[in-house]
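Undergrad: To be precise about what I am sending: the file is called target_20.cif and holds mmCIF, C-alpha atoms and all ligand atoms.
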```cif
data_structure
#
loop_
_atom_site.label_atom_id
_atom_site.label_comp_id
_atom_site.auth_asym_id
_atom_site.auth_seq_id
_atom_site.Cartn_x
_atom_site.Cartn_y
_atom_site.Cartn_z
CA MET A 248 105.62 0.78 65.22
CA GLN A 249 108.21 3.31 64.02
CA ARG A 250 110.59 1.86 61.46
CA ARG A 251 114.10 3.25 61.31
CA ALA A 252 115.05 4.59 57.93
CA VAL A 253 118.08 2.54 56.95
CA GLU A 254 118.09 2.85 53.18
CA ALA A 255 121.41 3.21 51.43
CA PRO A 256 121.69 6.29 49.20
CA GLY A 257 119.80 5.65 45.97
CA MET A 258 118.30 2.45 47.34
CA GLU A 259 114.54 2.26 47.77
CA ARG A 260 113.05 0.13 50.50
CA VAL A 261 109.93 -0.66 48.53
CA ILE A 262 108.76 0.28 45.06
CA ILE A 263 105.07 -0.12 44.26
CA ILE A 264 104.24 -0.51 40.58
CA GLY A 265 100.65 0.50 39.90
CA SER A 266 98.21 2.96 41.44
CA GLY A 267 94.78 1.37 41.50
CA PRO A 268 93.13 0.39 44.78
CA ALA A 269 95.75 -2.36 45.30
CA GLY A 270 98.82 -0.20 44.65
CA LEU A 271 97.62 2.82 46.60
CA THR A 272 96.44 0.77 49.57
CA ALA A 273 99.86 -0.88 49.60
CA ALA A 274 101.31 2.65 49.50
CA ILE A 275 99.21 3.76 52.49
CA TYR A 276 100.34 0.79 54.57
CA ALA A 277 103.98 0.95 53.46
CA ALA A 278 104.07 4.71 54.08
CA ARG A 279 102.57 4.28 57.55
CA ALA A 280 105.31 1.71 58.22
CA ASN A 281 107.77 4.53 57.46
CA LEU A 282 109.11 2.83 54.33
CA ARG A 283 108.62 5.97 52.17
CA PRO A 284 107.38 3.87 49.22
CA LEU A 285 108.00 5.04 45.70
CA VAL A 286 104.83 4.53 43.67
CA LEU A 287 105.30 4.24 39.91
CA ALA A 288 101.72 5.15 39.17
CA GLY A 289 101.74 4.58 35.41
CA GLY A 290 100.27 6.70 32.66
CA LEU A 291 96.73 5.76 33.63
CA TYR A 292 97.07 6.84 37.26
CA GLY A 293 94.33 5.40 39.48
CA GLY A 294 93.76 2.29 37.41
CA GLN A 295 90.44 1.10 36.10
CA LEU A 296 88.35 3.11 38.57
CA MET A 297 89.42 6.26 36.73
CA LEU A 298 87.30 4.96 33.85
CA THR A 299 84.20 4.08 35.85
CA THR A 300 81.28 6.20 36.92
CA ASP A 301 79.62 5.48 40.22
CA VAL A 302 81.05 2.86 42.54
CA GLU A 303 78.16 1.65 44.64
CA ASN A 304 79.75 -1.29 46.42
CA TYR A 305 82.82 0.25 48.06
CA PRO A 306 82.14 0.14 51.81
CA GLY A 307 81.88 3.48 53.54
CA PHE A 308 80.04 5.27 50.75
CA PRO A 309 76.32 4.55 51.21
CA GLU A 310 75.40 7.03 48.48
CA GLY A 311 78.09 5.67 46.12
CA VAL A 312 81.22 7.49 45.04
CA ARG A 313 82.63 8.39 41.66
CA GLY A 314 85.57 6.15 40.70
CA PRO A 315 88.02 8.99 40.01
CA ASP A 316 87.03 10.78 43.26
CA LEU A 317 87.71 7.59 45.21
CA MET A 318 91.14 7.19 43.65
CA ILE A 319 92.07 10.82 44.37
CA LYS A 320 91.26 10.12 48.02
CA PHE A 321 93.40 6.95 47.97
CA ARG A 322 96.31 8.95 46.57
CA GLU A 323 95.92 11.83 49.03
CA GLN A 324 95.87 9.37 51.90
CA ALA A 325 99.05 7.63 50.68
CA GLU A 326 100.85 10.95 50.12
CA ARG A 327 99.81 12.23 53.53
CA PHE A 328 101.96 9.49 55.09
CA GLY A 329 104.96 10.03 52.83
CA ALA A 330 104.38 7.93 49.72
CA ARG A 331 106.03 9.46 46.64
CA VAL A 332 103.74 9.01 43.67
CA GLN A 333 105.16 9.49 40.17
CA ASN A 334 102.98 9.29 37.07
CA VAL A 335 105.39 7.12 35.10
CA ASP A 336 105.33 3.56 33.80
CA ALA A 337 107.80 0.87 34.76
CA THR A 338 109.31 -0.02 31.39
CA SER A 339 111.53 -2.96 32.39
CA VAL A 340 112.68 -4.84 35.47
CA ASP A 341 115.55 -7.09 36.51
CA PHE A 342 114.51 -9.35 39.34
CA SER A 343 117.29 -11.88 38.76
CA LYS A 344 119.39 -10.64 41.70
CA GLN A 345 119.34 -8.31 44.70
CA PRO A 346 118.91 -5.39 44.75
CA LEU A 347 115.84 -5.56 42.55
CA ILE A 348 115.93 -3.22 39.56
CA VAL A 349 112.98 -1.28 38.19
CA ARG A 350 113.44 1.00 35.21
CA THR A 351 111.27 3.81 33.87
CA GLN A 352 111.92 5.66 30.63
CA ASP A 353 114.32 8.06 32.39
CA GLU A 354 115.43 6.36 35.60
CA GLU A 355 116.76 3.13 37.03
CA TYR A 356 115.80 2.33 40.62
CA GLU A 357 117.22 -0.23 43.02
CA SER A 358 114.95 -1.58 45.70
CA GLU A 359 114.92 -4.14 48.47
CA ALA A 360 111.28 -5.02 47.82
CA VAL A 361 108.76 -4.49 45.04
CA ILE A 362 104.98 -4.72 45.10
CA VAL A 363 103.47 -5.40 41.68
CA ALA A 364 99.95 -3.99 41.39
CA THR A 365 99.72 -3.23 37.70
CA GLY A 366 96.11 -4.41 37.33
CA ALA A 367 94.48 -5.43 34.10
CA SER A 368 93.41 -3.68 30.89
CA ALA A 369 90.27 -3.87 28.80
CA ARG A 370 90.23 -6.63 26.18
CA TRP A 371 89.34 -6.05 22.56
CA LEU A 372 87.47 -8.22 20.06
CA ASP A 373 90.35 -8.27 17.54
CA VAL A 374 88.06 -8.08 14.52
CA PRO A 375 88.60 -6.10 11.29
CA GLY A 376 87.83 -2.41 11.64
CA GLU A 377 88.04 -2.36 15.43
CA GLU A 378 91.53 -0.92 15.74
CA LEU A 379 91.15 1.47 12.80
CA LEU A 380 88.01 2.97 14.32
CA ARG A 381 89.19 3.13 17.92
CA GLY A 382 88.52 6.67 19.08
CA ARG A 383 86.18 7.11 16.11
CA GLY A 384 83.22 5.21 17.44
CA VAL A 385 84.97 2.18 18.92
CA SER A 386 85.72 2.53 22.61
CA SER A 387 86.13 0.57 25.84
CA CYS A 388 85.19 3.48 28.09
CA ALA A 389 81.66 4.84 28.20
CA THR A 390 82.62 7.46 30.78
CA CYS A 391 85.31 8.79 28.47
CA ASP A 392 83.50 8.65 25.13
CA GLY A 393 79.76 8.24 25.72
CA ALA A 394 78.95 11.92 25.39
CA PHE A 395 80.09 11.87 21.74
CA PHE A 396 77.09 9.73 20.83
CA ARG A 397 74.14 11.85 21.85
CA ASP A 398 70.93 10.62 20.18
CA LYS A 399 72.86 7.88 18.38
CA HIS A 400 72.42 4.12 18.26
CA ILE A 401 75.08 2.59 20.46
CA VAL A 402 76.11 -1.07 20.68
CA VAL A 403 77.73 -2.62 23.74
CA VAL A 404 79.40 -6.06 23.46
CA GLY A 405 79.62 -8.32 26.51
CA GLY A 406 77.44 -9.98 29.09
CA GLY A 407 79.18 -9.12 32.38
CA ASP A 408 78.77 -6.33 34.92
CA SER A 409 81.02 -4.05 32.88
CA ALA A 410 78.78 -4.40 29.84
CA MET A 411 75.65 -3.66 31.90
CA GLU A 412 77.31 -0.70 33.56
CA GLU A 413 78.43 0.69 30.21
CA ALA A 414 75.00 0.11 28.65
CA LEU A 415 73.16 1.79 31.52
CA PHE A 416 75.52 4.76 31.48
CA LEU A 417 75.21 5.11 27.71
CA THR A 418 71.42 5.46 27.96
CA ARG A 419 72.15 9.01 29.15
CA PHE A 420 73.31 9.83 25.63
CA GLY A 421 72.18 7.29 23.06
CA SER A 422 68.73 7.14 21.52
CA ARG A 423 69.00 3.35 21.80
CA VAL A 424 71.54 0.96 23.30
CA THR A 425 71.82 -2.61 22.00
CA VAL A 426 73.71 -5.14 24.09
CA ILE A 427 75.21 -7.93 21.98
CA HIS A 428 76.17 -11.08 23.85
CA ARG A 429 77.62 -14.34 22.57
CA ARG A 430 75.43 -16.52 24.80
CA ASP A 431 71.76 -16.45 25.80
CA ARG A 432 72.46 -15.67 29.45
CA LEU A 433 74.20 -12.79 31.12
CA ARG A 434 77.19 -13.25 33.38
CA ALA A 435 76.37 -9.97 35.14
CA SER A 436 75.08 -9.82 38.72
CA LYS A 437 71.31 -9.97 39.08
CA ILE A 438 70.95 -6.38 40.23
CA MET A 439 72.85 -5.02 37.21
CA ALA A 440 71.08 -7.38 34.80
CA ASP A 441 67.66 -6.39 36.17
CA ARG A 442 68.45 -2.71 35.76
CA ALA A 443 69.47 -3.26 32.15
CA PHE A 444 66.47 -5.50 31.38
CA SER A 445 64.05 -2.95 32.74
CA HIS A 446 65.56 0.06 30.96
CA GLU A 447 63.38 1.20 28.10
CA LYS A 448 66.34 2.29 25.93
CA ILE A 449 68.23 -1.03 26.20
CA ASP A 450 67.58 -4.05 24.00
CA PHE A 451 69.51 -7.33 23.67
CA LEU A 452 70.81 -9.45 20.81
CA TRP A 453 71.63 -12.93 22.08
CA ASN A 454 73.92 -15.67 20.70
CA THR A 455 75.57 -13.11 18.47
CA ALA A 456 79.18 -12.31 17.59
CA VAL A 457 80.56 -9.10 16.10
CA ASP A 458 82.77 -10.13 13.17
CA GLU A 459 83.62 -6.73 11.72
CA VAL A 460 83.24 -3.02 12.36
CA HIS A 461 82.21 -0.99 9.31
CA GLY A 462 83.26 2.59 8.61
CA THR A 463 86.22 4.61 7.45
CA THR A 464 86.16 7.89 9.39
CA HIS A 465 83.56 6.76 11.91
CA VAL A 466 81.54 3.68 12.78
CA THR A 467 78.61 3.11 10.44
CA GLY A 468 77.66 -0.44 11.33
CA LEU A 469 78.68 -3.94 12.31
CA ARG A 470 78.82 -7.34 10.66
CA LEU A 471 77.06 -9.71 13.03
CA ARG A 472 76.87 -13.49 13.07
CA ASN A 473 74.18 -15.54 14.75
CA LEU A 474 76.08 -18.23 16.64
CA LEU A 475 73.19 -20.70 16.51
CA ASP A 476 72.59 -20.80 12.77
CA GLY A 477 75.89 -19.24 11.58
CA LYS A 478 74.10 -16.63 9.45
CA SER A 479 75.62 -13.15 9.12
CA HIS A 480 73.98 -9.79 8.55
CA ASP A 481 74.86 -6.10 8.63
CA PHE A 482 73.62 -4.07 11.55
CA PRO A 483 73.62 -0.26 11.46
CA ALA A 484 75.20 1.37 14.52
CA ASP A 485 76.99 4.62 15.35
CA ALA A 486 79.26 3.38 18.12
CA LEU A 487 80.66 0.15 19.56
CA PHE A 488 81.63 -0.13 23.21
CA VAL A 489 83.60 -3.29 23.93
CA ALA A 490 83.18 -4.61 27.49
CA ILE A 491 84.41 -8.21 27.36
CA GLY A 492 86.73 -8.41 30.32
CA TYR A 493 90.38 -7.77 30.99
CA THR A 494 93.96 -8.90 30.37
CA PRO A 495 96.50 -8.64 33.19
CA ASN A 496 99.22 -6.01 32.69
CA THR A 497 102.22 -8.30 33.01
CA ALA A 498 104.18 -7.86 29.77
CA VAL A 499 107.00 -6.13 31.68
CA PHE A 500 107.37 -9.14 34.00
CA ALA A 501 107.46 -11.92 31.38
CA GLY A 502 110.52 -14.08 32.00
CA GLN A 503 111.02 -12.48 35.43
CA LEU A 504 107.99 -13.67 37.37
CA ASP A 505 105.98 -16.87 37.03
CA LEU A 506 102.82 -16.18 35.01
CA ASP A 507 99.91 -18.55 34.44
CA GLU A 508 98.58 -19.46 31.00
CA ARG A 509 96.41 -16.32 30.93
CA GLY A 510 99.28 -14.06 31.95
CA TYR A 511 98.28 -13.53 35.59
CA ILE A 512 101.14 -13.49 38.12
CA VAL A 513 101.26 -16.74 40.04
CA SER A 514 101.24 -16.39 43.80
CA PRO A 515 101.10 -19.47 46.04
CA ASP A 516 99.68 -17.55 48.99
CA GLY A 517 98.14 -14.45 47.42
CA THR A 518 101.02 -12.02 47.99
CA SER A 519 104.40 -13.69 47.43
CA THR A 520 105.83 -14.59 44.02
CA ASN A 521 108.58 -16.91 42.81
CA VAL A 522 111.12 -14.13 43.51
CA GLU A 523 112.04 -13.24 47.08
CA GLY A 524 111.15 -9.64 47.86
CA ILE A 525 108.54 -9.33 45.11
CA PHE A 526 104.93 -9.21 46.21
CA VAL A 527 101.76 -8.97 44.18
CA ALA A 528 98.34 -7.43 44.77
CA GLY A 529 95.10 -6.81 42.92
CA ASP A 530 93.77 -7.72 39.49
CA VAL A 531 97.22 -8.57 38.13
CA ASN A 532 96.94 -11.82 40.07
CA ASP A 533 93.20 -12.05 40.71
CA HIS A 534 90.88 -13.07 37.92
CA ARG A 535 88.26 -14.29 40.33
CA TYR A 536 87.05 -11.37 42.44
CA ARG A 537 88.43 -8.29 40.65
CA GLN A 538 86.74 -5.81 42.95
CA ALA A 539 88.10 -2.50 44.22
CA VAL A 540 87.62 -3.67 47.78
CA THR A 541 89.37 -7.03 47.25
CA ALA A 542 92.22 -5.25 45.45
CA ALA A 543 92.55 -2.82 48.36
CA GLY A 544 92.64 -5.75 50.81
CA ALA A 545 95.30 -7.45 48.70
CA GLY A 546 97.35 -4.23 48.67
CA CYS A 547 97.25 -4.13 52.46
CA ARG A 548 98.39 -7.75 52.70
CA ALA A 549 101.21 -7.25 50.18
CA ALA A 550 102.50 -4.19 52.05
CA MET A 551 102.44 -5.99 55.41
CA ASP A 552 104.27 -8.96 53.91
CA ALA A 553 106.82 -6.67 52.26
CA GLU A 554 107.37 -4.97 55.61
CA ARG A 555 107.92 -8.35 57.31
CA HIS A 556 110.35 -9.31 54.56
CA LEU A 557 112.34 -6.11 55.09
CA GLU A 558 112.37 -6.67 58.84
CA ALA A 559 113.71 -10.18 58.30
CA LEU A 560 116.41 -8.77 56.00
CA GLU A 561 117.42 -6.21 58.63
CA PHE A 562 117.54 -8.93 61.25
CA LYS A 563 119.80 -11.00 58.98
CA VAL A 564 122.12 -8.03 58.37
CA ASP A 565 122.24 -7.18 62.11
CA SER A 566 122.95 -10.82 63.05
CA LEU A 567 125.74 -11.07 60.48
CA ALA A 568 127.28 -7.83 61.74
CA HIS A 569 127.19 -9.13 65.33
CA LEU A 570 128.73 -12.43 64.23
CA ARG A 571 131.52 -10.69 62.35
CA ALA A 572 132.17 -8.35 65.29
CA ALA A 573 132.34 -11.36 67.66
CA GLN A 574 134.74 -13.21 65.30
CA SER A 575 137.15 -10.29 64.86
P1 LIG B 601 83.51 -10.56 32.91
O1 LIG B 601 82.64 -10.75 34.10
O2 LIG B 601 84.64 -11.48 32.67
O3 LIG B 601 82.53 -10.59 31.64
C1 LIG B 601 83.05 -10.53 30.34
C2 LIG B 601 81.91 -10.74 29.37
O4 LIG B 601 82.41 -10.59 28.05
C3 LIG B 601 81.28 -12.11 29.49
O5 LIG B 601 79.90 -12.03 29.37
C4 LIG B 601 81.91 -12.86 28.31
O6 LIG B 601 81.05 -13.81 27.74
C5 LIG B 601 82.12 -11.76 27.30
N1 LIG B 601 83.26 -12.03 26.42
C6 LIG B 601 84.52 -12.38 26.75
N2 LIG B 601 85.31 -12.49 25.67
C7 LIG B 601 84.51 -12.23 24.62
C8 LIG B 601 84.73 -12.18 23.22
N3 LIG B 601 85.94 -12.43 22.69
N4 LIG B 601 83.70 -11.87 22.43
C9 LIG B 601 82.48 -11.61 22.95
N5 LIG B 601 82.21 -11.61 24.26
C10 LIG B 601 83.21 -11.93 25.09
O7 LIG B 601 84.15 -9.11 32.87
P2 LIG B 601 83.53 -7.73 33.39
O8 LIG B 601 82.12 -7.56 33.03
O9 LIG B 601 84.50 -6.73 32.90
O10 LIG B 601 83.62 -7.82 34.96
C11 LIG B 601 84.88 -8.08 35.59
C12 LIG B 601 84.69 -8.10 37.11
O11 LIG B 601 84.45 -6.77 37.58
C13 LIG B 601 83.52 -8.95 37.57
O12 LIG B 601 83.88 -9.55 38.79
C14 LIG B 601 82.44 -7.94 37.80
O13 LIG B 601 81.47 -8.36 38.76
C15 LIG B 601 83.22 -6.73 38.28
N6 LIG B 601 82.50 -5.48 37.94
C16 LIG B 601 81.58 -5.01 38.84
C17 LIG B 601 80.87 -3.86 38.54
C18 LIG B 601 79.87 -3.34 39.52
O14 LIG B 601 79.53 -4.05 40.45
N7 LIG B 601 79.38 -2.12 39.37
C19 LIG B 601 81.08 -3.19 37.34
C20 LIG B 601 82.01 -3.71 36.44
C21 LIG B 601 82.70 -4.86 36.75
P3 LIG B 601 80.66 -15.15 28.54
O15 LIG B 601 79.64 -14.71 29.54
O16 LIG B 601 80.12 -16.02 27.48
O17 LIG B 601 81.91 -15.65 29.16
#
```
Starting from the file, give its structure as structure tokens.
Ligand code: NAP
TA:
Amino acid sequence: MQRRAVEAPGMERVIIIGSGPAGLTAAIYAARANLRPLVLAGGLYGGQLMLTTDVENYPGFPEGVRGPDLMIKFREQAERFGARVQNVDATSVDFSKQPLIVRTQDEEYESEAVIVATGASARWLDVPGEELLRGRGVSSCATCDGAFFRDKHIVVVGGGDSAMEEALFLTRFGSRVTVIHRRDRLRASKIMADRAFSHEKIDFLWNTAVDEVHGTTHVTGLRLRNLLDGKSHDFPADALFVAIGYTPNTAVFAGQLDLDERGYIVSPDGTSTNVEGIFVAGDVNDHRYRQAVTAAGAGCRAAMDAERHLEALEFKVDSLAHLRAAQS
């Protein structure tokens, strides 16, 4: 269906905030609906997949695909149909009235609809030494920083798929990789866990918490605590990769959209929010599946619902105009 371009000067039809699989899929669908979406892609364009290595479970890539390569393809596909992608962050919003307002550092945009697809960011342990040594041995991104620790002893904290993925990747560089987990069972999928268990460079420390990161210019070790007997000890290590899950990127929407107790945007049906014209997609509202393919599906749904919303608005405007014409 060809949509007529009816936007008022300076008024966007739909702004998409975020550029991971959810945001860029929404952009592909909105662009193909001739809505010329403006994508505020954020500083970390491409979302979390820009920080991953091989994606082996995205359909259509039997050999796997590198995360950044996949996101470049998403972007090219969206731009091919007229999406305008800008590598800027949304810094504030005003969703209290129509038109909806989205601000960046330099611009203020008005829009009839907004799709929020800002994703989630890596969580940190919040222990002494962690922040000081970030970028100096403490990291949340093995792809970005792993190569700095060739032949070193690397620690990974976490028991999920991210932790296993990071640990396996880091075996390319480290002489030894120790996974520290707070329980005695992994949360990771069986296939990832089996790979980690069978890797000769990876060992595990169970029921253990990291209480402190030691070092001044670089990481020299960790203070660990056994969670069963409460005893602490120092553990030499050259690097700490934290892989303990994610926090939704919703700070900009606090007070504007309904958030749950963990900060995820509340959506009664998976795309709509408490504000008319605002739709949501991807990890910013999904703490259950959090997959590239589910985020992409959510982006598609959000764009189709935004399109229907805009159609309904047009219909309302047309009906009012007819009514007024008939009355005059
Ligand atoms: P996750 O599944 O939520 O796992 C987080 C892990 O960190 C859990 O083991 C958790 O321990 C631990 N943890 C949480 N807070 C902690 C703290 N303060 N201190 C110490 N440990 C803490 O997160 P994820 O591994 O990032 O995975 C997120 C989603 O992405 C999942 O759906 C996953 O399947 C998917 N994913 C898939 C792949 C892949 O297929 N290649 C790769 C990466 C991620 P508990 O177990 O005790 O809760």
Undergrad: Tell me which of A:Val457, A:Leu380, A:Ala278, A:Ala414 sits closest to ligand LIG 601 (chain B), counting all atoms listed in the file.
TA: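 Ranking A:Val457, A:Leu380, A:Ala278, A:Ala414 by distance to ligand LIG 601 (chain B), first place goes to A:Val457.
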Undergrad: Could I get the residue neighbourhood of ligand LIG 601 (chain B) at 9 Å, counting all atoms listed in the file, as a ChimeraX atom specification?
TA: /A:299-304,369-373,404-413,427-436,438-439,455-457,489-493,534-539
Undergrad: Could you name the residues that touch A:Arg322 at 10 Å or less, counting all atoms listed in the file, but leaving out those on the same chain fewer than 4 positions away, as an MDAnalysis selection string?
TA: chainID A and resid 266:268 270:272 274:275 288 292:293 317:318 326:327 330:332
Undergrad: Name the closest residue to A:Phe395 among the candidates A:Ala273, A:Leu487, A:Val363, A:Ala501; distances are taken between atoms, counting all atoms listed in the file.
TA: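 The closest residue to A:Phe395 is A:Leu487.
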Undergrad: Counting only C-alpha atoms, which of A:Asp336, A:Glu459, A:Asp316, A:Glu310 gets nearest to A:Ala364?
TA: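 Ranking A:Asp336, A:Glu459, A:Asp316, A:Glu310 by distance to A:Ala364, first place goes to A:Asp336.
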Undergrad: Find the residues near A:Arg383: any atom within 7 Å, counting all atoms listed in the file, skip ones fewer than 4 places away on the same chain, and give them as a VMD selection string.
TA: chain A and resid 464 to 466
Undergrad: Please, what distance in Å, to one decimal, runs between atom CA of A:Asp441 and atom CA of A:Val403?
TA: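 Rounded to one decimal, the two atoms are 16.4 Å apart.
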Undergrad: By how many Å are atom CA of A:Ile512 and atom CA of A:Glu355 apart?
TA: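 Result for atom CA of A:Ile512 versus atom CA of A:Glu355: 22.8 Å, one decimal.
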Undergrad: Need the neighbours of (74.5, 11.6, 20.8): which residues are at most 10 Å away, counting all atoms listed in the file, as a PyMOL selection string?
TA: chain A and resi 393-401+417-423+485-486
Undergrad: Using all atoms of stretch 375-392 of chain A that appear in the file, construct an axis-aligned enclosing box with 4 Å of padding on every side and provide its centre coordinates and edge lengths in Å, rounded to one decimal, as JSON.
TA:
```
{"center_x": 86.6, "center_y": 1.3, "center_z": 21.0, "size_x": 17.9, "size_y": 22.9, "size_z": 27.5}
```
Undergrad: Using only C-alpha atoms, find the one residue out of A:Ser575, A:Gln324, A:Ser386, A:Gln295 that sits nearest to A:Tyr276.
TA: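 Closest residue, counting only C-alpha atoms: A:Gln324.
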Undergrad: Could you check which of A:Val374, A:Ala360, A:Leu452, A:Val460 is closest to A:Leu474, using all atoms listed in the file?
TA: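 Looking at the shortest contact to A:Leu474, the residue is A:Leu452.
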Undergrad: Looking at all atoms listed in the file, which of A:Ala498, A:Leu469, A:Ala572, A:Leu287 is the one that sits closest to A:Gly376?
TA: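 Among the listed residues, A:Leu469 lies closest to A:Gly376.
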Undergrad: What is the atom CA of A:Asn281 to atom CA of A:Ala325 distance in Å?
TA: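 Interatomic distance here is 11.5 Å.
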Undergrad: Dump as a PDB file with C-alpha atoms, keeping the file's coordinate frame all residues having an atom at most 9 Å from (91.0, -0.9, 9.3), computed in the file's coordinates with all atoms listed in the file.
TA:
```pdb
ATOM      1  CA  PRO A 375      88.600  -6.100  11.290  1.00  0.00           C
ATOM      2  CA  GLY A 376      87.830  -2.410  11.640  1.00  0.00           C
ATOM      3  CA  GLU A 377      88.040  -2.360  15.430  1.00  0.00           C
ATOM      4  CA  GLU A 378      91.530  -0.920  15.740  1.00  0.00           C
ATOM      5  CA  LEU A 379      91.150   1.470  12.800  1.00  0.00           C
ATOM      6  CA  LEU A 380      88.010   2.970  14.320  1.00  0.00           C
ATOM      7  CA  VAL A 460      83.240  -3.020  12.360  1.00  0.00           C
ATOM      8  CA  HIS A 461      82.210  -0.990   9.310  1.00  0.00           C
ATOM      9  CA  GLY A 462      83.260   2.590   8.610  1.00  0.00           C
ATOM     10  CA  THR A 463      86.220   4.610   7.450  1.00  0.00           C
TER      11      THR A 463
END
```
Undergrad: A:Val261: which residues within 6 Å, counting all atoms listed in the file, same-chain residues fewer than 4 positions away excluded, as a PyMOL selection string?
TA: chain A and resi 284+358+360-361
Undergrad: For A:Leu504, find every residue with an atom within 8 Å (counting only C-alpha atoms), except residues of its own chain fewer than 6 positions away, and show them as a PDB file with C-alpha atoms, in the frame of the given file.
TA:
```
ATOM      1  CA  ILE A 512     101.140 -13.490  38.120  1.00  0.00           C
ATOM      2  CA  VAL A 513     101.260 -16.740  40.040  1.00  0.00           C
ATOM      3  CA  THR A 520     105.830 -14.590  44.020  1.00  0.00           C
ATOM      4  CA  ASN A 521     108.580 -16.910  42.810  1.00  0.00           C
ATOM      5  CA  VAL A 522     111.120 -14.130  43.510  1.00  0.00           C
TER       6      VAL A 522
END
```
Undergrad: So which residues touch A:Val527 within 8 Å, counting only C-alpha atoms, skipping near sequence neighbours fewer than 2 positions away, as a PDB file with C-alpha atoms, keeping the file's coordinate frame?
TA:
```
ATOM      1  CA  ILE A 362     104.980  -4.720  45.100  1.00  0.00           C
ATOM      2  CA  VAL A 363     103.470  -5.400  41.680  1.00  0.00           C
ATOM      3  CA  ALA A 364      99.950  -3.990  41.390  1.00  0.00           C
ATOM      4  CA  ILE A 512     101.140 -13.490  38.120  1.00  0.00           C
ATOM      5  CA  SER A 514     101.240 -16.390  43.800  1.00  0.00           C
ATOM      6  CA  GLY A 517      98.140 -14.450  47.420  1.00  0.00           C
ATOM      7  CA  THR A 518     101.020 -12.020  47.990  1.00  0.00           C
ATOM      8  CA  SER A 519     104.400 -13.690  47.430  1.00  0.00           C
ATOM      9  CA  THR A 520     105.830 -14.590  44.020  1.00  0.00           C
ATOM     10  CA  ILE A 525     108.540  -9.330  45.110  1.00  0.00           C
ATOM     11  CA  GLY A 529      95.100  -6.810  42.920  1.00  0.00           C
ATOM     12  CA  VAL A 531      97.220  -8.570  38.130  1.00  0.00           C
ATOM     13  CA  ASN A 532      96.940 -11.820  40.070  1.00  0.00           C
ATOM     14  CA  GLY A 546      97.350  -4.230  48.670  1.00  0.00           C
ATOM     15  CA  ALA A 549     101.210  -7.250  50.180  1.00  0.00           C
TER      16      ALA A 549
END
```
